[in-house]
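Visitor: File follows, input.txt with compact mmCIF, C-alpha atoms:
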# COMPACT_ATOMS: atom_id res chain seq x y z
CA MET A 1 -17.38 -24.47 18.43
CA ALA A 2 -19.97 -22.37 16.62
CA ILE A 3 -21.13 -20.81 19.87
CA LYS A 4 -17.59 -19.78 20.75
CA LEU A 5 -16.89 -18.40 17.29
CA PHE A 6 -20.18 -16.56 16.89
CA ASP A 7 -21.30 -14.92 20.09
CA LYS A 8 -23.20 -11.62 20.09
CA TYR A 9 -20.06 -9.56 19.49
CA SER A 10 -18.73 -11.85 16.76
CA MET A 11 -22.01 -11.89 14.84
CA LYS A 12 -22.61 -8.14 14.87
CA ALA A 13 -19.07 -6.76 14.91
CA ARG A 14 -17.28 -9.34 12.75
CA VAL A 15 -19.56 -11.57 10.68
CA LEU A 16 -21.97 -8.88 9.43
CA PRO A 17 -19.18 -6.48 8.33
CA ALA A 18 -17.38 -9.35 6.56
CA THR A 19 -20.61 -10.37 4.82
CA PHE A 20 -21.26 -6.82 3.62
CA THR A 21 -17.74 -6.02 2.48
CA ILE A 22 -16.19 -9.31 1.36
CA LEU A 23 -18.88 -11.95 0.80
CA ILE A 24 -21.32 -9.87 -1.27
CA PRO A 25 -18.77 -8.97 -4.00
CA LEU A 26 -17.83 -12.66 -4.20
CA ILE A 27 -21.50 -13.61 -4.53
CA ILE A 28 -21.91 -11.07 -7.36
CA PHE A 29 -19.07 -12.72 -9.24
CA ASN A 30 -20.42 -16.19 -8.65
CA HIS A 31 -23.96 -15.17 -9.61
CA PHE A 32 -23.04 -13.77 -13.01
CA PHE A 33 -20.21 -16.17 -13.77
CA THR A 34 -20.59 -19.72 -12.53
CA SER A 35 -17.28 -20.75 -11.09
CA PRO A 36 -17.38 -24.38 -9.86
CA ALA A 37 -14.80 -23.78 -7.13
CA LEU A 38 -16.48 -20.61 -5.88
CA THR A 39 -19.92 -22.16 -6.19
CA ASN A 40 -18.88 -24.99 -3.89
CA LEU A 41 -17.42 -22.49 -1.45
CA LEU A 42 -20.37 -20.08 -1.41
CA GLY A 43 -22.89 -22.89 -1.69
CA ALA A 44 -22.20 -23.63 1.95
CA PHE A 45 -24.36 -20.61 2.82
CA LYS A 46 -27.55 -22.14 1.42
CA ALA A 47 -29.92 -23.27 4.18
CA SER A 48 -30.61 -26.54 2.36
CA GLU A 49 -26.99 -27.67 2.41
CA ALA A 50 -25.86 -30.59 4.54
CA ILE A 51 -24.41 -30.20 8.02
CA SER A 52 -20.90 -30.58 6.63
CA ASN A 53 -21.41 -27.55 4.40
CA ILE A 54 -22.78 -25.56 7.33
CA SER A 55 -19.49 -26.27 9.09
CA ILE A 56 -17.66 -25.03 5.99
CA SER A 57 -19.71 -21.82 6.04
CA LEU A 58 -18.82 -21.26 9.70
CA VAL A 59 -15.14 -21.68 8.98
CA LEU A 60 -15.33 -19.45 5.90
CA MET A 61 -17.14 -16.69 7.77
CA PHE A 62 -14.67 -16.95 10.64
CA TYR A 63 -11.73 -16.39 8.32
CA LEU A 64 -13.43 -13.65 6.31
CA SER A 65 -14.27 -11.82 9.53
CA GLN A 66 -10.70 -12.27 10.75
CA ILE A 67 -9.35 -10.76 7.53
CA ALA A 68 -11.59 -7.71 7.92
CA ARG A 69 -10.59 -7.35 11.58
CA ILE A 70 -6.85 -7.65 10.87
CA ILE A 71 -6.99 -5.01 8.14
CA GLY A 72 -9.16 -2.68 10.23
CA LYS A 73 -7.01 -3.01 13.31
CA ASN A 74 -3.56 -2.90 11.73
CA LEU A 75 -4.07 -0.64 8.72
CA PHE A 76 -6.41 1.90 10.31
CA GLU A 77 -6.87 1.70 14.10
CA ARG A 78 -3.20 1.36 15.05
CA ARG A 79 -2.15 4.03 12.58
CA TYR A 80 -4.75 6.53 13.77
CA PHE A 81 -4.37 5.79 17.48
CA SER A 82 -0.64 4.97 17.62
CA ASP A 83 -1.32 1.52 19.05
CA GLU A 84 -3.64 2.82 21.85
CA LEU A 85 -1.40 5.72 22.91
CA LYS A 86 -3.74 8.18 21.19
CA MET A 87 -7.04 6.39 21.65
CA PRO A 88 -9.88 8.52 23.09
CA THR A 89 -9.71 6.39 26.25
CA THR A 90 -6.13 7.63 26.64
CA GLU A 91 -6.59 11.19 25.39
CA PHE A 92 -9.56 11.93 27.66
CA MET A 93 -7.61 11.15 30.82
CA LEU A 94 -4.67 13.41 30.00
CA PHE A 95 -4.63 16.64 31.99
CA SER A 96 -3.84 18.47 28.76
CA ASN A 97 -7.18 17.32 27.34
CA ASN A 98 -10.28 19.36 28.21
CA GLN A 99 -12.95 16.71 27.63
CA TYR A 100 -13.27 16.12 31.41
CA SER A 101 -12.44 18.22 34.45
CA ASP A 102 -9.25 17.68 36.43
CA ASP A 103 -11.37 16.53 39.36
CA TYR A 104 -12.92 13.81 37.20
CA LYS A 105 -9.47 12.67 36.11
CA GLN A 106 -8.34 12.57 39.73
CA ARG A 107 -11.31 10.36 40.54
CA PHE A 108 -10.29 8.06 37.71
CA ALA A 109 -6.70 7.93 39.00
CA SER A 110 -7.86 7.20 42.55
CA LYS A 111 -10.19 4.40 41.47
CA VAL A 112 -7.55 2.83 39.24
CA LYS A 113 -5.09 2.93 42.13
CA SER A 114 -7.66 1.48 44.55
CA ASP A 115 -9.02 -1.24 42.23
CA PHE A 116 -5.90 -2.33 40.33
CA ASP A 117 -2.96 -0.83 42.21
CA ILE A 118 -1.94 1.06 39.05
CA GLU A 119 -0.68 4.59 39.55
CA THR A 120 -1.20 7.04 36.70
CA TYR A 121 0.87 10.21 36.36
CA SER A 122 0.02 13.48 38.06
CA GLU A 123 -0.32 16.68 36.03
CA ASN A 124 3.27 17.71 36.81
CA GLN A 125 4.60 14.28 35.86
CA GLU A 126 2.57 14.37 32.66
CA ASN A 127 4.03 17.75 31.72
CA THR A 128 7.51 16.31 32.22
CA ASP A 129 6.99 13.00 30.41
CA GLU A 130 3.75 12.80 28.44
CA GLN A 131 4.73 9.63 26.60
CA THR A 132 5.06 7.63 29.81
CA ALA A 133 1.86 9.22 31.13
CA ARG A 134 0.05 7.88 28.07
CA LYS A 135 1.53 4.42 28.61
CA ARG A 136 0.35 4.39 32.23
CA ILE A 137 -3.19 5.23 31.13
CA VAL A 138 -3.10 2.51 28.46
CA GLU A 139 -2.02 0.00 31.11
CA ALA A 140 -4.80 1.15 33.41
CA MET A 141 -7.41 0.98 30.64
CA SER A 142 -6.58 -2.67 30.00
CA SER A 143 -7.64 -3.51 33.56
CA VAL A 144 -10.65 -1.20 33.40
CA ARG A 145 -11.98 -2.94 30.28
CA LYS A 146 -11.55 -6.35 31.87
CA SER A 147 -13.50 -5.22 34.94
CA LEU A 148 -16.39 -4.08 32.73
CA VAL A 149 -16.41 -7.06 30.35
CA LYS A 150 -19.99 -7.99 31.31
CA ASN A 151 -21.34 -4.44 31.26
CA LYS A 152 -24.19 -4.39 28.72
CA PHE A 153 -23.90 -0.67 27.93
CA LEU A 154 -20.19 -0.95 27.22
CA LEU A 155 -20.69 -4.15 25.23
CA GLN A 156 -23.16 -2.41 22.92
CA HIS A 157 -20.75 0.44 22.21
CA ASN A 158 -17.88 -2.02 21.84
CA ILE A 159 -19.93 -3.87 19.22
CA GLU A 160 -20.70 -0.64 17.37
CA TYR A 161 -17.05 0.42 17.37
CA GLY A 162 -15.85 -3.02 16.31
CA ALA A 163 -18.44 -3.24 13.56
CA MET A 164 -17.42 0.07 12.02
CA ARG A 165 -13.70 -0.65 12.30
CA ASN A 166 -14.13 -4.08 10.73
CA THR A 167 -16.39 -2.68 8.00
CA ILE A 168 -13.63 -0.24 7.10
CA GLY A 169 -11.08 -3.03 7.13
CA GLY A 170 -13.27 -5.28 5.00
CA SER A 171 -13.91 -2.41 2.59
CA VAL A 172 -10.28 -2.56 1.47
CA LEU A 173 -10.60 -6.18 0.34
CA GLY A 174 -14.15 -5.60 -0.88
CA LEU A 175 -12.96 -2.73 -3.09
CA ILE A 176 -10.25 -4.92 -4.60
CA ILE A 177 -12.79 -7.66 -5.38
CA CYS A 178 -15.18 -5.09 -6.92
CA ILE A 179 -12.40 -3.76 -9.16
CA LEU A 180 -11.55 -7.30 -10.27
CA ASN A 181 -15.27 -7.94 -10.91
CA CYS A 182 -15.51 -4.85 -13.12
CA VAL A 183 -12.41 -5.81 -15.08
CA PHE A 184 -13.60 -9.41 -15.50
CA PHE A 185 -17.16 -8.54 -16.55
CA TYR A 186 -15.97 -5.87 -18.96
CA TYR A 187 -13.03 -7.53 -20.70
CA ILE A 188 -13.70 -11.27 -20.33
CA VAL A 189 -17.44 -11.87 -19.91
CA LEU A 190 -19.51 -8.78 -20.61
CA VAL A 191 -22.26 -8.41 -17.99
CA GLU A 192 -23.32 -4.78 -17.57
CA PHE A 193 -25.37 -5.29 -14.41
CA ALA A 194 -22.46 -7.03 -12.71
CA ILE A 195 -20.27 -4.04 -13.56
CA TYR A 196 -22.90 -1.61 -12.29
CA SER A 197 -23.55 -3.44 -9.01
CA SER A 198 -19.83 -3.92 -8.35
CA SER A 199 -19.20 -0.23 -9.11
CA VAL A 200 -21.90 0.91 -6.68
CA LEU A 201 -20.52 -1.33 -3.96
CA GLY A 202 -17.00 -0.12 -4.73
CA VAL A 203 -18.06 3.51 -4.28
CA ILE A 204 -19.61 2.65 -0.90
CA TYR A 205 -16.38 0.96 0.18
CA ILE A 206 -14.34 3.96 -0.98
CA ILE A 207 -16.51 6.25 1.16
CA PHE A 208 -15.87 4.08 4.22
CA ILE A 209 -12.12 4.15 3.53
CA LEU A 210 -11.96 7.91 2.87
CA PHE A 211 -13.86 8.74 6.04
CA SER A 212 -12.25 5.98 8.08
CA LYS A 213 -10.43 8.31 10.48
CA THR A 214 -13.56 10.34 11.23
CA ILE A 215 -15.69 7.21 11.68
CA ILE A 216 -13.22 5.36 13.92
CA ASN A 217 -12.52 8.45 16.00
CA SER A 218 -16.22 9.23 16.42
CA TYR A 219 -17.15 5.72 17.55
CA GLY A 220 -14.01 5.54 19.68
CA LYS A 221 -15.03 8.69 21.56
CA ALA A 222 -18.55 7.36 22.13
CA TYR A 223 -17.10 4.12 23.50
CA ALA A 224 -14.68 6.01 25.77
CA LYS A 225 -17.42 8.17 27.26
CA ILE A 226 -19.55 5.15 28.14
CA LEU A 227 -16.55 3.34 29.59
CA PHE A 228 -15.67 6.22 31.93
CA ARG A 229 -19.31 6.70 32.90
CA GLU A 230 -19.67 3.05 33.85
CA PHE A 231 -16.31 2.83 35.60
CA ILE A 232 -16.23 6.11 37.52
CA GLY A 233 -19.96 6.66 37.86
Can you give me the file's structure in the form of C-alpha cells?

Guide:
Amino acid sequence: MAIKLFDKYSMKARVLPATFTILIPLIIFNHFFTSPALTNLLGAFKASEAISNISISLVLMFYLSQIARIIGKNLFERRYFSDELKMPTTEFMLFSNNQYSDDYKQRFASKVKSDFDIETYSENQENTDEQTARKRIVEAMSSVRKSLVKNKFLLQHNIEYGAMRNTIGGSVLGLIICILNCVFFYYIVLVEFAIYSSSVLGVIYIIFILFSKTIINSYGKAYAKILFREFIG
C-alpha cells in the first residue's frame, strides 16, 4: 500500500508540499503547546514509533497531500486554466498562438490523427469555433499524456509542476493554521517565538498565493514545451 501511495511523483509532488505547508505549522503548535491529541497524531512521524504508528503517518500524509492537491487543483489551476481549456498545452497548439509555427502545429495534428485517430480543428475551423477547437486539443492532449506516461523528461517536469501547484494549494491551509497559531500564542498562551515562526511561515505562504498565477503558468509552459518536444520530436 505504501508503495502505491508514495511513488516518486507522490513523494516529491504531494508529500513534500504537504509537509512544508500543512505539517510544519501543526508541528509548531504542538512543539510550543503540548496537545495530547495532536501529539499522538504527529508522534507517528518519529522514527522510533511502532509499525502501527508508521501506518498512521502514511495515512495522515496521504490525506494532507490530498487536501493540498484538491485546493491547488480546484481553487487555482481550474480557475486559471478554465479546466484545461486555457492550459499552455492547449494554448500552444492554437493557430492564433505564436509560440510555435503553423507547420509545427500541423505536425502535431497529423501525429494525433495517426496515433489516436483524433482530428483537431484546422485554422479556418478554429477561427469559426475556437471553443470547440480548444476542446479537441484537450481531448487529444489526454491521449498524448497517456502515451508519454513513462517518459522520464516529462515525468520530471510533471513532478515540478505538481509540486508547485500543490505547494500553492497547501499554502492556503498552512496560512490559516499560522494565523490560528499566532492568535493562540498571543491571547491564550504567550510564546513569542511561536508567533514569530508562524508569522514568517505565513508570509511565505502569502507570497506563494499572491504569485500563484505566475508560478502555475510558468511551470505549466515548461511542462507543455517538454511534452510537445517528446511527442512531436

Visitor: Write out as a PyMOL selection string which residues come within 9 Å of Ser96 in chain A when counting only C-alpha atoms, dropping same-chain ones fewer than 3 positions away.

Guide: chain A and resi 91-93+123+126-127

Visitor: Could you please take those selected residues and save C-alpha atoms as a PDB file, keeping the file's coordinate frame?

Guide:
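Done, and the output landed in out05.pdb:
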ATOM      1  CA  GLU A  91      -6.590  11.190  25.390  1.00  0.00           C
ATOM      2  CA  PHE A  92      -9.560  11.930  27.660  1.00  0.00           C
ATOM      3  CA  MET A  93      -7.610  11.150  30.820  1.00  0.00           C
ATOM      4  CA  GLU A 123      -0.320  16.680  36.030  1.00  0.00           C
ATOM      5  CA  GLU A 126       2.570  14.370  32.660  1.00  0.00           C
ATOM      6  CA  ASN A 127       4.030  17.750  31.720  1.00  0.00           C
TER       7      ASN A 127
END

Visitor: Residues within 8 Å of Met61 in chain A, please, as a PyMOL selection string. Count only C-alpha atoms; anything in the same chain fewer than 4 positions from it doesn't count.

Guide: chain A and resi 15+18-19+57+65

Visitor: Name the residues, using the chain letters and numbers of the file, that sit within 12 Å of (-12.1, 7.5, 8.1) when counting only C-alpha atoms, and give them as a PyMOL selection string.

Guide: chain A and resi 72+75-77+79-80+164-165+167-169+171+205-220

Visitor: Interatomic distance between CA of Ile232 in chain A and CA of Tyr104 in chain A?

Guide: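 It comes out at 8.4 Å.
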
Visitor: Extract, using all atoms listed in the file, all DNA, RNA and protein residues at most 10 Å from Ile28 in chain A, discarding same-chain residues fewer than 6 positions from it, and format them as a ChimeraX atom specification.

Guide: /A:177-178,181,193-195,197-198

Visitor: Between A:Arg134, A:Lys152, A:Arg69, A:Lys8, which one has atoms that come closest to Asn97 in chain A, using all atoms listed in the file?

Guide: A:Arg134

Visitor: Please compute the CA of Met11 in chain A-CA of Asn166 in chain A distance, one decimal, in Å.

Guide: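 Calculated distance between CA of Met11 in chain A and CA of Asn166 in chain A is 11.8 Å.
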
Visitor: Please work out which residues fall within 12 Å of (-9.0, 9.7, 38.9), coordinates as given in the file, with all atoms listed in the file counting, and return them as a PyMOL selection string.

Guide: chain A and resi 92-95+100-115+118-123+137+140+228+231-233

Visitor: Hey, can you check how far CA of Asn30 in chain A sits from CA of Ile67 in chain A?

Guide: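 For CA of Asn30 in chain A relative to CA of Ile67 in chain A, the distance reads 20.3 Å.
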
Visitor: Find, counting only C-alpha atoms, the residue in A:Ile176, A:Ile24, A:Leu155, A:Leu64 that gets nearest to Tyr223 in chain A.

Guide: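 Among the listed residues, A:Leu155 lies closest to Tyr223 in chain A.
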
Visitor: Using all atoms listed in the file for the distances, tell me which of A:Thr90, A:Asn98, A:Asn124, A:Asn158 is nearest to Arg136 in chain A.

Guide: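 Comparing A:Thr90, A:Asn98, A:Asn124, A:Asn158 against Arg136 in chain A, the winner is A:Thr90.
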
Visitor: Ranking A:Ala163, A:Gln99, A:Leu154, A:Gly174 by minimum distance to Arg14 in chain A and counting all atoms listed in the file, which one comes first?

Guide: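 Of A:Ala163, A:Gln99, A:Leu154, A:Gly174, the one nearest Arg14 in chain A, counting all atoms listed in the file, is A:Ala163.
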
Visitor: Taking all atoms of range 102-117 of chain A that the file lists and extending 5 Å past them on each side, where is the centre of the axis-aligned box and how long are its edges? Answer in Å to one decimal, as AutoDock Vina command-line options.

Guide:
--center_x -7.9 --center_y 7.7 --center_z 40.3 --size_x 20.0 --size_y 30.0 --size_z 18.4

Visitor: Pick the closest to Ile226 in chain A from A:Asn151, A:Lys146, A:Ala13, A:Asn74: which is it, counting all atoms listed in the file?

Guide: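 With all atoms listed in the file as the atom set, the closest residue is A:Asn151.
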